[in-house]
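Q: Take a look at this one; I'll ask things after.
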Amino acid sequence: SELRQADAEFMARADAGTIRRITESKERAEANFAGSMRKASSARSSYDGALLRLRAVAAVLADRRKALELAQQAAAWEYTTKCRPLVKTFGLRMPCQEHFRHVLKRYNSLQERPGCAVGAALPVTPAGVAAPVCLFETSAAVASCVR
C-alpha cells in the first residue's frame, strides 16, 4: 500500500513526457523481468535437483556408516566373548587376535574426523560392545557419555 501511494504521488507530479517514456519502456522492462525470472527459476530447479541428489547420497552414506559400525560392534563382541577369554585364561596366541587387530585397524582407517567444531570438541570414543544410550540434556550427561 505504501508503494502504491508513492506511485500515485509520482504519477500526480510527473509530466506528460516522463509518463510517455515510462510507458514506452514498459514492454522492454517486462521482457527483461520475465527473462530474469526464468533464469532464477532455472537456477532454483538446478539447485533443488542437486539438493535431492545430495540428500539421497547422504542417506546411502549414513546407512553404510551404520552398517560399518554394527559390523565393528559384532567383531568386538565376538572377540570379547570368544577369543579374549582363551587368551587371558590359557595364554594362547589365537588367530582371532590378529584378525580382530586387522579388522580394528581397517575400521579406524575408515573413520573420518568430525567436520564441524561441535563434533571436534568431543573426544571420539571407539564403538564398544554395549554403548550407553545418552540423552544430552545436561552437561553432566555429556560428561558421563564421553568418558
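Lettering and numbering for the C-alpha cells are positional, with chains as A, B, ... in the shown order, residues counted from 1 in each chain, and ligands counted from 1 in the shown order.
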Using only C-alpha atoms, determine which residues lie at most 12 Å from Arg84 in chain A, disregarding the query and same-chain residues fewer than 2 positions distant; provide the list as a list in words.

A: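 Returned residues: Ala76, Trp77, Glu78, Tyr79, Thr80, Thr81, Lys82, Leu86, Val87, Lys88, Thr89, Phe90, Gly91, Leu92, Arg93, Met94, Pro95, Cys96, Gln97, Glu98 and Phe100 of chain A.
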
Q: If you count only C-alpha atoms, which residues fall within 12 Å of range 4-8 of chain A, apart from same-chain ones fewer than 5 positions away, as a ChimeraX atom specification?

A: /A:13-14,19

Q: I'd like the neighbourhood of range 58-70 of chain A as a list in words, where a residue qualifies if any of its atoms comes within 9 Å (using only C-alpha atoms), though same-chain residues fewer than 3 positions away should be ignored.

A: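 Contacts, in chain order: Arg53, Leu54, Arg55, Gln73, Ala74, Ala75, Tyr107, Leu110, Gln111 and Ala127 of chain A.
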
Q: Work out how far apart CA of Ser25 in chain A and CA of Phe10 in chain A are and give it in Å to one decimal.

A: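 It comes out at 16.9 Å.
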
Q: Using DSSP secondary structure from the backbone, list all alpha helix (DSSP H) positions within range 33-131 of chain A, as an NGL selection string.

A: :A and (33-78 or 84-90 or 95-110 or 117-121)

Q: I'd like the interatomic distance between CA of Leu104 in chain A and CA of Gln72 in chain A, to a tenth of an Å.

A: 7.3 Å

Q: Just give me the gap between CA of Thr18 in chain A and CA of Met37 in chain A in Å, one decimal is fine.

A: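 So the answer is 26.9 Å.
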